[in-house]
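Asker: Provided herewith: model-v8.cif, mmCIF, C-alpha atoms.
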```cif
data_target
loop_
_atom_site.label_atom_id
_atom_site.label_comp_id
_atom_site.auth_asym_id
_atom_site.auth_seq_id
_atom_site.Cartn_x
_atom_site.Cartn_y
_atom_site.Cartn_z
CA MET I 263 99.55 96.26 53.74
CA LYS I 264 101.75 98.89 55.31
CA ALA I 265 105.53 98.55 55.38
CA SER I 266 105.53 98.23 59.19
CA GLU I 267 103.03 95.35 59.03
CA VAL I 268 105.17 93.53 56.46
CA PHE I 269 108.18 94.06 58.72
CA VAL I 270 106.34 92.59 61.73
CA LEU I 271 105.16 89.59 59.72
CA VAL I 272 108.60 88.89 58.26
CA SER I 273 110.34 89.21 61.62
CA ILE I 274 107.90 86.76 63.24
CA ILE I 275 108.55 84.22 60.46
CA VAL I 276 112.33 84.71 60.64
CA PHE I 277 112.23 84.34 64.45
CA ILE I 278 110.25 81.08 64.34
CA PHE I 279 112.48 79.54 61.66
CA SER I 280 115.73 80.56 63.34
CA LEU I 281 114.46 79.20 66.66
CA ALA I 282 113.60 75.89 64.97
CA TYR I 283 116.98 75.81 63.21
CA ILE I 284 119.00 76.57 66.35
CA THR I 285 117.24 73.97 68.48
CA SER I 286 117.49 71.25 65.83
CA LEU I 287 121.15 72.12 65.14
CA GLY I 288 122.09 71.86 68.82
CA GLY I 289 125.51 73.48 68.35
CA LEU I 290 128.56 73.64 66.07
CA GLY I 291 131.33 71.07 65.71
CA GLN I 292 131.40 67.55 67.16
CA LEU I 293 128.36 66.92 69.37
CA PRO I 294 128.33 64.02 71.84
CA PRO I 295 126.02 61.30 70.55
CA VAL I 296 122.85 60.77 72.56
CA ASN I 297 123.93 57.38 73.87
CA VAL I 298 127.14 58.58 75.53
CA ARG I 299 125.69 61.31 77.74
CA VAL I 300 126.69 59.26 80.75
CA LEU I 301 126.09 61.82 83.48
CA ALA I 302 122.47 62.39 82.42
CA GLN I 303 121.95 58.64 82.27
CA ARG I 304 123.36 58.20 85.77
CA TYR I 305 121.08 60.91 87.16
CA LEU I 306 118.00 59.37 85.57
CA GLU I 307 118.98 55.89 86.65
CA LEU I 308 119.81 56.76 90.27
CA THR I 309 117.19 59.37 91.21
CA TRP I 310 114.78 56.63 92.28
CA ASN I 311 116.35 53.19 92.19
CA PRO I 312 115.31 50.68 94.87
CA LEU I 313 117.88 48.21 93.48
CA LYS I 314 120.79 50.54 94.30
CA PRO I 315 119.74 52.06 97.64
CA PHE I 316 123.24 53.28 98.56
CA MET I 317 123.55 55.35 95.40
CA SER I 318 120.04 56.62 94.81
CA SER I 319 118.21 59.66 96.10
CA SER I 320 114.78 59.76 97.72
CA GLY I 321 112.22 61.19 95.29
CA TYR I 322 110.90 60.81 91.74
CA GLU I 323 112.03 64.24 90.57
CA SER I 324 115.52 64.20 89.05
CA VAL I 325 116.02 67.95 89.11
CA THR I 326 115.23 68.20 92.82
CA ALA I 327 117.44 65.16 93.49
CA ILE I 328 120.32 66.82 91.62
CA VAL I 329 119.82 70.23 93.20
CA TRP I 330 119.47 69.15 96.85
CA ASP I 331 121.16 65.75 96.94
CA PHE I 332 123.66 64.87 94.18
CA ARG I 333 125.08 68.40 94.23
CA GLY I 334 123.46 69.69 97.43
CA LEU I 335 126.61 71.44 98.65
CA ASP I 336 126.70 73.52 95.47
CA THR I 337 123.08 74.59 96.03
CA PHE I 338 123.90 75.43 99.62
CA PHE I 339 126.55 77.91 98.50
CA GLU I 340 124.22 79.33 95.85
CA THR I 341 121.63 79.87 98.57
CA ALA I 342 124.27 81.55 100.70
CA VAL I 343 125.10 83.96 97.85
CA PHE I 344 121.41 84.75 97.37
CA TYR I 345 120.96 85.56 101.05
CA GLY I 346 124.21 87.49 101.08
CA ALA I 347 122.64 89.76 98.46
CA ILE I 348 119.49 90.16 100.53
CA ILE I 349 121.50 90.92 103.66
CA ALA I 350 123.41 93.54 101.65
CA ALA I 351 120.13 95.14 100.58
CA ILE I 352 118.96 95.26 104.18
CA ALA I 353 122.30 96.75 105.22
CA ILE I 354 122.00 99.54 102.62
CA TYR I 355 118.55 100.42 103.95
CA ARG I 356 119.62 100.20 107.61
CA GLY I 357 117.92 102.70 109.89
CA VAL I 358 115.07 103.37 107.47
CA LYS I 359 111.83 102.92 109.37
CA ILE I 360 109.12 100.87 107.69
CA THR I 361 105.82 101.74 109.34
CA GLY I 362 102.20 101.00 108.57
CA LYS I 363 101.08 104.48 109.60
CA GLY I 364 99.47 106.91 107.18
CA LYS I 365 96.98 106.71 104.34
CA THR I 366 96.97 104.15 101.56
CA ILE I 367 94.95 104.68 98.42
CA GLY I 368 95.30 101.41 96.54
CA MET I 369 93.27 100.26 93.57
CA SER I 370 89.57 99.76 92.78
CA PRO I 371 87.29 97.62 94.97
CA ILE I 372 87.19 95.05 92.15
CA ALA I 373 90.97 94.57 92.27
CA ARG I 374 90.86 94.50 96.08
CA THR I 375 88.25 91.76 96.22
CA ILE I 376 90.07 89.53 93.75
CA THR I 377 93.37 90.11 95.55
CA ARG I 378 91.75 89.11 98.86
CA LEU I 379 90.80 85.77 97.32
CA SER I 380 94.28 85.31 95.90
CA ILE I 381 95.70 85.60 99.42
CA VAL I 382 94.18 82.14 99.98
CA LEU I 383 94.85 80.70 96.53
CA ILE I 384 98.47 81.70 95.84
CA PRO I 385 100.05 80.47 99.11
CA THR I 386 98.14 77.20 98.73
CA VAL I 387 99.51 76.63 95.23
CA ALA I 388 103.00 77.69 96.40
CA ALA I 389 102.89 75.23 99.30
CA SER I 390 101.86 72.43 96.96
CA ILE I 391 104.82 73.24 94.67
CA ALA I 392 107.19 73.06 97.66
CA LEU I 393 105.74 69.94 99.28
CA HIS I 394 105.49 68.14 95.92
CA GLY I 395 108.98 69.15 94.80
CA HIS I 396 110.42 65.65 95.25
CA LEU I 397 107.59 64.08 93.22
CA THR I 398 106.77 66.51 90.39
CA PRO I 399 108.56 69.51 88.87
CA GLY I 400 108.81 72.30 91.41
CA GLY I 401 110.71 72.87 94.63
CA GLY I 402 111.43 75.40 97.30
CA PHE I 403 112.80 78.23 95.18
CA GLN I 404 109.96 77.99 92.65
CA ALA I 405 107.39 77.86 95.45
CA GLY I 406 108.93 80.90 97.15
CA SER I 407 108.86 82.84 93.89
CA VAL I 408 105.17 82.02 93.49
CA ALA I 409 104.34 82.98 97.07
CA THR I 410 106.10 86.32 96.61
CA VAL I 411 103.41 87.26 94.09
CA VAL I 412 101.11 87.79 97.10
CA ALA I 413 103.46 90.51 98.36
CA VAL I 414 103.58 92.15 94.92
CA LEU I 415 99.78 92.12 94.72
CA ILE I 416 99.27 93.53 98.22
CA ILE I 417 101.81 96.30 97.59
CA MET I 418 100.18 97.16 94.24
CA VAL I 419 96.52 96.77 95.14
CA PHE I 420 96.30 97.78 98.80
CA GLY I 421 99.45 99.89 99.15
CA ARG I 422 102.77 99.02 100.76
CA LYS I 423 101.65 99.92 104.28
CA ALA I 424 98.89 97.31 104.17
CA ILE I 425 101.50 94.51 104.41
CA ILE I 426 102.76 95.90 107.70
CA ARG I 427 99.25 96.47 109.01
CA LYS I 428 98.46 92.82 108.30
CA GLY I 429 101.22 91.97 110.78
CA LEU I 430 104.09 91.23 108.40
CA THR I 431 106.55 93.69 109.94
CA LYS I 432 110.20 93.86 108.90
CA SER I 433 111.38 92.01 112.00
CA ARG I 434 108.85 89.22 111.54
CA ILE I 435 109.80 88.72 107.89
CA LEU I 436 113.47 88.68 108.94
CA LEU I 437 112.62 86.07 111.58
CA LEU I 438 110.88 83.88 108.99
CA ARG I 439 113.83 84.18 106.63
CA SER I 440 116.26 83.25 109.40
CA LEU I 441 114.13 80.25 110.39
CA GLY I 442 114.20 79.08 106.77
CA LEU I 443 117.97 79.45 106.54
CA LEU I 444 118.53 77.75 109.91
CA GLY I 445 116.31 74.91 108.72
CA ILE I 446 118.42 74.44 105.57
CA GLY I 447 121.63 74.48 107.60
CA PHE I 448 120.25 72.12 110.22
CA THR I 449 118.99 69.64 107.59
CA ALA I 450 122.48 69.62 106.04
CA VAL I 451 124.13 68.55 109.31
CA ALA I 452 121.26 66.79 111.13
CA LEU I 453 122.49 63.26 110.40
CA LEU I 454 126.04 64.26 111.36
CA LEU I 455 124.83 65.52 114.76
CA ALA I 456 122.77 62.37 115.26
CA ALA I 457 125.79 60.25 114.30
CA ILE I 458 127.95 61.96 116.93
CA ALA I 459 125.33 61.18 119.57
CA LEU I 460 124.98 57.57 118.41
CA GLY I 461 128.68 57.00 117.81
CA VAL I 462 128.38 56.05 114.13
CA ASN I 463 129.67 57.56 110.87
CA ALA I 464 127.83 60.12 108.71
CA TYR I 465 128.44 62.77 106.04
CA ILE I 466 127.32 66.35 105.71
CA PHE I 467 124.42 66.63 103.26
CA GLN I 468 123.74 62.93 103.77
CA ASN I 469 120.22 61.98 102.73
CA GLN I 470 120.00 58.17 102.54
CA PRO I 471 122.07 55.50 104.33
CA LYS I 472 125.48 54.78 102.74
CA PRO I 473 127.97 51.96 103.31
CA PHE I 474 129.39 52.39 106.86
CA ALA I 475 127.11 55.43 107.43
CA PRO I 476 123.79 53.83 108.41
CA LEU I 477 121.66 56.91 109.16
CA GLY I 478 119.11 58.33 106.68
CA PHE I 479 116.08 60.60 106.44
CA PRO I 480 112.71 58.83 106.09
CA LYS I 481 112.16 57.91 102.44
CA ILE I 482 108.89 55.99 102.50
CA TYR I 483 106.29 55.77 105.25
CA ASP I 484 103.22 53.58 104.85
CA GLY I 485 103.44 53.79 101.06
CA MET I 486 103.88 57.58 101.02
CA ILE I 487 107.01 58.92 99.34
CA LEU I 488 108.38 61.36 101.92
CA GLY I 489 111.43 62.40 99.93
CA GLY I 490 113.98 62.26 102.78
CA SER I 491 116.01 65.43 103.07
CA LEU I 492 114.60 66.74 99.75
CA LEU I 493 111.25 67.53 101.39
CA LEU I 494 112.91 69.38 104.28
CA PHE I 495 115.22 71.38 102.01
CA ASN I 496 112.32 72.33 99.74
CA PHE I 497 110.15 73.36 102.69
CA PHE I 498 112.79 75.53 104.38
CA GLU I 499 113.92 77.05 101.07
CA PHE I 500 110.26 77.92 100.35
CA ILE I 501 110.01 79.87 103.61
CA ALA I 502 113.40 81.55 103.24
CA VAL I 503 112.85 82.59 99.60
CA THR I 504 109.34 83.94 100.28
CA ALA I 505 110.56 86.00 103.22
CA GLY I 506 113.72 87.19 101.43
CA PHE I 507 111.91 88.37 98.30
CA THR I 508 109.07 89.95 100.30
CA LEU I 509 111.55 91.91 102.38
CA VAL I 510 113.42 93.23 99.34
CA LEU I 511 110.13 94.19 97.66
CA LEU I 512 109.10 96.03 100.80
CA LEU I 513 112.40 97.94 100.84
CA LEU I 514 112.17 98.79 97.13
CA SER I 515 108.64 100.11 97.55
CA LEU I 516 109.70 102.63 100.20
CA ASP I 517 109.30 106.31 99.46
CA GLU I 518 112.51 107.95 98.24
CA LYS I 519 112.02 110.84 100.69
CA ASP I 520 112.02 108.51 103.72
CA VAL I 521 115.09 106.65 102.46
CA ARG I 522 117.10 109.81 101.69
CA LYS I 523 116.37 111.19 105.14
CA VAL I 524 118.29 108.31 106.71
CA VAL I 525 120.77 107.18 104.07
CA VAL I 526 121.98 110.55 102.71
CA GLU I 527 121.36 113.14 105.40
CA LYS I 528 122.43 111.27 108.52
CA MET A 84 92.42 85.03 114.30
CA ASN A 85 88.75 84.27 113.84
CA LEU A 86 88.15 80.52 113.84
CA ARG A 87 84.71 80.70 112.25
CA SER A 88 85.97 82.74 109.27
CA ALA A 89 88.90 80.37 108.95
CA ILE A 90 86.76 77.32 108.15
CA PRO A 91 85.48 78.42 104.69
CA ALA A 92 88.99 79.61 103.80
CA MET A 93 90.40 76.24 104.88
CA ILE A 94 87.89 74.37 102.70
CA LEU A 95 88.72 76.56 99.69
CA SER A 96 92.45 76.13 100.27
CA PHE A 97 92.14 72.34 100.59
CA ILE A 98 90.12 72.05 97.36
CA ILE A 99 92.66 74.17 95.47
CA TYR A 100 95.55 72.10 96.90
CA ILE A 101 94.01 68.83 95.75
CA ILE A 102 93.11 70.21 92.30
CA TYR A 103 96.60 71.65 91.86
CA THR A 104 98.50 68.51 92.93
CA GLY A 105 96.06 66.44 90.86
CA SER A 106 96.17 63.51 93.23
CA VAL A 107 94.34 62.17 96.28
CA SER A 108 97.13 59.98 97.64
CA PRO A 109 97.41 59.90 101.46
CA TYR A 110 100.51 62.14 101.25
CA ASP A 111 98.56 64.84 99.39
CA LEU A 112 95.53 64.57 101.68
CA ILE A 113 97.70 64.94 104.81
CA THR A 114 99.85 67.81 103.50
CA GLY A 115 96.72 69.39 102.00
CA VAL A 116 95.00 69.47 105.38
CA ILE A 117 98.09 70.95 107.07
CA VAL A 118 98.46 73.66 104.40
CA ALA A 119 94.72 74.41 104.42
CA VAL A 120 94.63 74.82 108.20
CA ILE A 121 97.62 77.21 108.21
CA VAL A 122 96.42 79.27 105.21
CA GLY A 123 92.85 79.32 106.56
CA LEU A 124 93.92 80.58 109.98
CA LEU A 125 96.19 83.27 108.50
CA ALA A 126 93.92 84.49 105.70
CA GLY A 127 90.41 83.64 106.96
CA GLU A 128 89.57 87.06 108.30
CA ILE A 129 90.82 88.79 105.15
CA VAL A 130 88.69 86.65 102.84
CA VAL A 131 85.56 85.82 104.82
CA LYS A 132 83.44 88.42 106.59
CA ASP A 133 80.33 86.31 107.16
CA PRO A 134 81.16 82.60 107.67
CA GLY A 135 77.47 81.63 107.89
CA LYS A 136 76.93 82.92 104.35
CA ALA A 137 80.06 81.25 103.01
CA LEU A 138 78.91 77.84 104.24
CA ASP A 139 75.26 78.20 103.22
CA PRO A 140 74.52 75.25 100.87
CA LYS A 141 71.79 77.20 99.05
CA ARG A 142 74.25 79.93 98.09
CA LEU A 143 76.80 77.31 97.02
CA ALA A 144 74.18 75.65 94.82
CA TYR A 145 73.43 79.02 93.20
CA LEU A 146 77.17 79.55 92.67
CA VAL A 147 77.55 76.20 90.89
CA LYS A 148 74.44 76.85 88.80
CA TYR A 149 75.63 80.34 87.88
CA THR A 150 79.10 79.10 86.96
CA PHE A 151 77.67 76.60 84.49
CA TRP A 152 75.13 79.06 83.07
CA TYR A 153 77.79 81.77 82.75
CA PHE A 154 80.41 79.67 80.95
CA PHE A 155 78.09 77.61 78.77
CA VAL A 156 75.29 80.06 77.98
CA ALA A 157 76.28 83.69 78.57
CA GLU A 158 79.84 83.27 77.29
CA VAL A 159 78.81 81.29 74.23
CA LYS A 160 76.16 83.86 73.28
CA ALA A 161 78.60 86.76 73.67
CA HIS A 162 81.34 84.99 71.71
CA ALA A 163 78.94 84.18 68.88
CA ASP A 164 77.86 87.81 68.70
CA VAL A 165 81.43 89.14 68.54
CA ILE A 166 82.49 86.50 66.02
CA LYS A 167 79.59 87.57 63.79
CA ARG A 168 80.69 91.19 64.03
CA ALA A 169 84.33 90.38 63.35
CA LEU A 170 83.55 88.25 60.29
CA SER A 171 80.90 90.50 58.81
CA PRO A 172 82.33 92.60 55.95
CA LYS A 173 80.32 95.62 57.14
CA MET A 174 81.96 95.48 60.62
CA PRO A 175 78.78 96.55 62.49
CA LEU A 176 80.43 98.36 65.40
CA ASN A 177 78.89 101.08 67.51
CA PRO A 178 81.30 101.46 70.42
CA ALA A 179 80.67 103.69 73.42
CA ILE A 180 81.30 103.86 77.14
CA VAL A 181 78.01 103.72 79.04
CA ARG A 182 77.04 104.03 82.70
CA VAL A 183 75.72 100.82 84.24
CA PRO A 184 74.43 101.12 87.81
CA TYR A 185 74.47 98.20 90.28
CA TYR A 186 72.38 97.64 93.38
CA VAL A 187 74.24 94.99 95.42
CA GLU A 188 75.80 95.51 98.84
CA THR A 189 78.85 93.24 99.19
CA ASP A 190 82.20 93.58 97.44
CA TYR A 191 82.02 89.96 96.29
CA ALA A 192 78.67 90.49 94.55
CA MET A 193 79.89 93.72 92.94
CA THR A 194 83.12 92.03 91.77
CA THR A 195 81.16 89.07 90.39
CA ILE A 196 79.05 91.43 88.26
CA ALA A 197 82.07 93.44 87.11
CA ASN A 198 84.10 90.37 86.16
CA SER A 199 81.11 88.74 84.48
CA ILE A 200 80.72 91.85 82.32
CA THR A 201 84.43 92.05 81.51
CA ASN A 202 84.89 88.35 80.78
CA THR A 203 82.12 88.23 78.17
CA PRO A 204 83.45 89.51 74.83
CA GLY A 205 81.97 92.82 73.72
CA THR A 206 81.73 94.49 77.11
CA VAL A 207 84.53 95.64 79.44
CA VAL A 208 84.28 97.42 82.78
CA VAL A 209 86.81 100.21 82.41
CA ASP A 210 86.15 102.07 85.66
CA ILE A 211 84.01 101.98 88.76
CA ASP A 212 82.54 104.66 90.97
CA PRO A 213 81.86 102.84 94.26
CA ASP A 214 80.25 105.90 95.90
CA ARG A 215 77.58 106.29 93.20
CA LYS A 216 77.55 102.52 92.53
CA ILE A 217 78.17 102.85 88.81
CA PHE A 218 80.31 100.82 86.40
CA TYR A 219 81.65 102.53 83.32
CA VAL A 220 81.35 99.85 80.64
CA HIS A 221 82.87 99.91 77.17
CA TRP A 222 80.28 98.33 74.88
CA ILE A 223 81.05 97.15 71.36
CA ASP A 224 77.47 97.78 70.22
CA ALA A 225 76.01 100.51 72.41
CA LYS A 226 72.27 100.10 71.86
CA THR A 227 71.40 102.76 74.44
CA SER A 228 73.06 105.40 76.58
CA ASP A 229 70.37 105.25 79.25
CA PRO A 230 71.91 103.69 82.41
CA GLY A 231 68.76 101.78 83.38
CA GLU A 232 68.28 100.31 79.90
CA ALA A 233 71.99 99.48 79.61
CA ARG A 234 71.81 97.65 82.94
CA LYS A 235 68.89 95.56 81.69
CA MET A 236 70.79 94.59 78.52
CA ILE A 237 74.26 94.07 79.99
CA SER A 238 74.23 93.09 83.63
CA LEU A 239 70.74 92.36 84.94
CA GLU A 240 71.10 88.56 84.81
CA PHE A 241 74.59 88.71 86.30
CA GLU A 242 73.31 90.97 89.07
CA GLU A 243 70.33 88.80 89.99
CA ASN A 244 72.59 85.77 90.31
CA ALA A 245 75.35 87.63 92.18
CA LYS A 246 72.73 88.84 94.64
CA LYS A 247 71.51 85.30 95.35
CA ILE A 248 75.08 84.02 95.80
CA PHE A 249 76.78 86.78 97.80
CA ASP A 250 74.38 89.44 99.11
#
```
Take the structure in this file and express it as structure tokens.
Answerer:
Amino acid sequence: MKASEVFVLVSIIVFIFSLAYITSLGGLGQLPPVNVRVLAQRYLELTWNPLKPFMSSSGYESVTAIVWDFRGLDTFFETAVFYGAIIAAIAIYRGVKITGKGKTIGMSPIARTITRLSIVLIPTVAASIALHGHLTPGGGFQAGSVATVVAVLIIMVFGRKAIIRKGLTKSRILLLRSLGLLGIGFTAVALLLAAIALGVNAYIFQNQPKPFAPLGFPKIYDGMILGGSLLLFNFFEFIAVTAGFTLVLLLLSLDEKDVRKVVVEK
Amino acid sequence: MNLRSAIPAMILSFIIYIIYTGSVSPYDLITGVIVAVIVGLLAGEIVVKDPGKALDPKRLAYLVKYTFWYFFVAEVKAHADVIKRALSPKMPLNPAIVRVPYYVETDYAMTTIANSITNTPGTVVVDIDPDRKIFYVHWIDAKTSDPGEARKMISLEFEENAKKIFD
């Protein structure tokens, strides 16, 4: 056995044991005992609790309930920061034309054929992650990240210009992203607007009816768990994230020459 | 948007949706149909060139038959062969890259052959020349360098099936 092989073997063993030790140790000093982690208990108890309708959320999935309901406002600001970054990227590239004209070379016909098929498969899986986010692990951001893989594949396999030739121009992607963001904003205040019209009380980011605020998004219909506002947030976030990531990828894949022409010389 | 090409894409999308969610509750059936219709309309033309072929039950039957034969016969044979080579103290290897021609027309048939070759242990398609219709295949035990003979040993069965399914 060579010295380098021994080194690899030893480092794998050391890595596995230290990982096991760290995770079983949990930390240093006084750790809270398992039975007093009250916040976690509350989340698990209230995510789906028909006995406490005023305090519970509207789906089975605790993480989605926390992200879009229990601390929905926090997520809203996180989303705003994310889109602020994307808007900044667009602003840096302002004036740079993204056209579908010119030759693309792309990869082999084998890669092209498989990628064609994945244009059906990946968005389908992404949509199921978004629309199932209130029932099983997943959600809008995860779904959008999955759907973005389609853009990566098209840029790699067919060439960047192919995306634009397929009709996904910069302005259309921007429109999709804006629709997603508007949807998130509208869902956050929809019950408030309805309450003004009906003359009752409501909160921003309200999902289910509360004491003295009787409005709520549909939770169950004919035995189907609809997830209230969670489903809407996940859906709109899915669209906004897909469009945002795709746009940034498209900008990053631009040719340096074209970018310099506008950004540096003008 | 071509409605006829959209239908096979919709069916594929719906099946994948149901498999991925792992449930046939009314909620999943309804959302599955909505997603399938949208994906099918947007991607149909990219995926399906000849909708009549895609919906031909005879071709589908061949596809199912080939899938089972490939995974339970061809794959098992190839794995057994490579395991034997890996465990044998003599390491009987005779690697080479050989030319393997193919005689199918559609991209789907060609891709099926190429992926069938690559996915069986012992042979990997490393390059393709679509103009001359030749795969360059890395072969763990190159029994011949003659393209016609190599095709008979490596890809003939794959090709016959791919032709029935896609061409």
Asker: Using all atoms listed in the file for the distances, tell me which of I:Met486, I:Val414, I:Leu308, I:Ala405 is nearest to chain A.
Answerer: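 Between I:Met486, I:Val414, I:Leu308, I:Ala405, the residue approaching chain A most closely is I:Met486.
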Asker: Which value, in Å to one decimal, gives the distance between CA of Leu460 in chain I and CA of Ser491 in chain I?
Answerer: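 Distance reported for this atom pair: 19.4 Å.
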Asker: Could you tell me which residues the PyMOL selection byres ((chain I and resi 497) around 12) grabs in this file, written as JSON, numbers by chain?
Answerer: {"I": [330, 388, 389, 390, 391, 392, 393, 394, 395, 396, 400, 401, 402, 403, 404, 405, 406, 441, 442, 443, 444, 445, 446, 449, 489, 490, 491, 492, 493, 494, 495, 496, 498, 499, 500, 501, 502, 503, 504], "A": [114, 118]}
Asker: For the structure shown, which residues end up in the PyMOL selection byres ((chain A) within 10 of (chain I))? Put them as a PyMOL selection string, please?
Answerer: chain A and resi 92-93+95-104+108-111+114-115+118-119+121-123+125-131+189-198+210-213
Asker: Can you list, as a ChimeraX atom specification, the residues that the PyMOL selection byres ((chain I and resi 350-356) around 9) selects here?
Answerer: /I:345-349,357-359,509-510,513,521,524-525
Asker: Just give me the gap between CA of Ser266 in chain I and CA of Ile223 in chain A in Å, one decimal is fine.
Answerer: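 Interatomic distance here is 27.4 Å.
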Asker: Between A:Ile217, A:Ala163, A:Ala245, A:Ile90, which residue has the minimum interatomic distance to Lys132 in chain A, considering all atoms listed in the file?
Answerer: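 Checking each candidate against Lys132 in chain A, we get A:Ile90 as the closest.
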Asker: Counting all atoms listed in the file, which residues of range 426-524 of chain I sit at most 9 Å from some atom of range 310-317 of chain I, and what is each one's closest atom pair with its distance in Å to one decimal, listed by chain and rising residue number, as a Markdown table?
Answerer:
```
| residue | atom | partner | partner_atom | distance |
| --- | --- | --- | --- | --- |
| I:Gln470 | CA | I:Phe316 | CA | 7.1 |
| I:Pro471 | CA | I:Phe316 | CA | 6.3 |
| I:Lys472 | CA | I:Phe316 | CA | 5.0 |
| I:Pro473 | CA | I:Phe316 | CA | 6.8 |
```
Asker: Residues at most 8 Å from Ile200 in chain A, counting only C-alpha atoms, excluding those fewer than 4 positions away in the same chain, as a list in words?
Answerer: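 In the requested format, the answer is Ile196, Thr206, Val207, Val208, Ile237, Ser238 and Phe241 of chain A.
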Asker: The selected residues should be written to file as a PDB file, keeping the file's coordinate frame (atoms: C-alpha atoms).
Answerer:
```
ATOM      1  CA  ILE A 196      79.050  91.430  88.260  1.00  0.00           C
ATOM      2  CA  THR A 206      81.730  94.490  77.110  1.00  0.00           C
ATOM      3  CA  VAL A 207      84.530  95.640  79.440  1.00  0.00           C
ATOM      4  CA  VAL A 208      84.280  97.420  82.780  1.00  0.00           C
ATOM      5  CA  ILE A 237      74.260  94.070  79.990  1.00  0.00           C
ATOM      6  CA  SER A 238      74.230  93.090  83.630  1.00  0.00           C
ATOM      7  CA  PHE A 241      74.590  88.710  86.300  1.00  0.00           C
TER       8      PHE A 241
END
```
Asker: Please tell me which residues are no farther than 12 Å from (79.7, 107.8, 74.7) in the file, counting only C-alpha atoms, and write them as number ranges by chain.
Answerer: A: 177-182, 219-230
Asker: From the list A:Lys136, A:Asp214, A:Leu143, A:Ser199, which residue is nearest Leu239 in chain A when using only C-alpha atoms?
Answerer: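 The answer is A:Ser199, which sits nearest to Leu239 in chain A.
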Asker: For a quick check of understanding, using all atoms listed in the file, which of I:Leu290, I:Leu397, I:Ile426, I:Val462 has the smallest distance to Ser319 in chain I?
Answerer: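 Of all the options, I:Leu397 lies closest to Ser319 in chain I.
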Asker: Expressed in Å to a single decimal, how great is the separation between CA of Leu138 in chain A and CA of Ile117 in chain A?
Answerer: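 Distance between the two atoms: 20.6 Å.
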Asker: Enclose all atoms of range 263-274 of chain I listed in the file in an axis-aligned box, grow every side by 8 Å, and hand back centre and edge lengths in Å to one decimal, as AutoDock Vina command-line options.
Answerer:
```
--center_x 104.9 --center_y 92.8 --center_z 58.5 --size_x 26.8 --size_y 28.1 --size_z 25.5
```
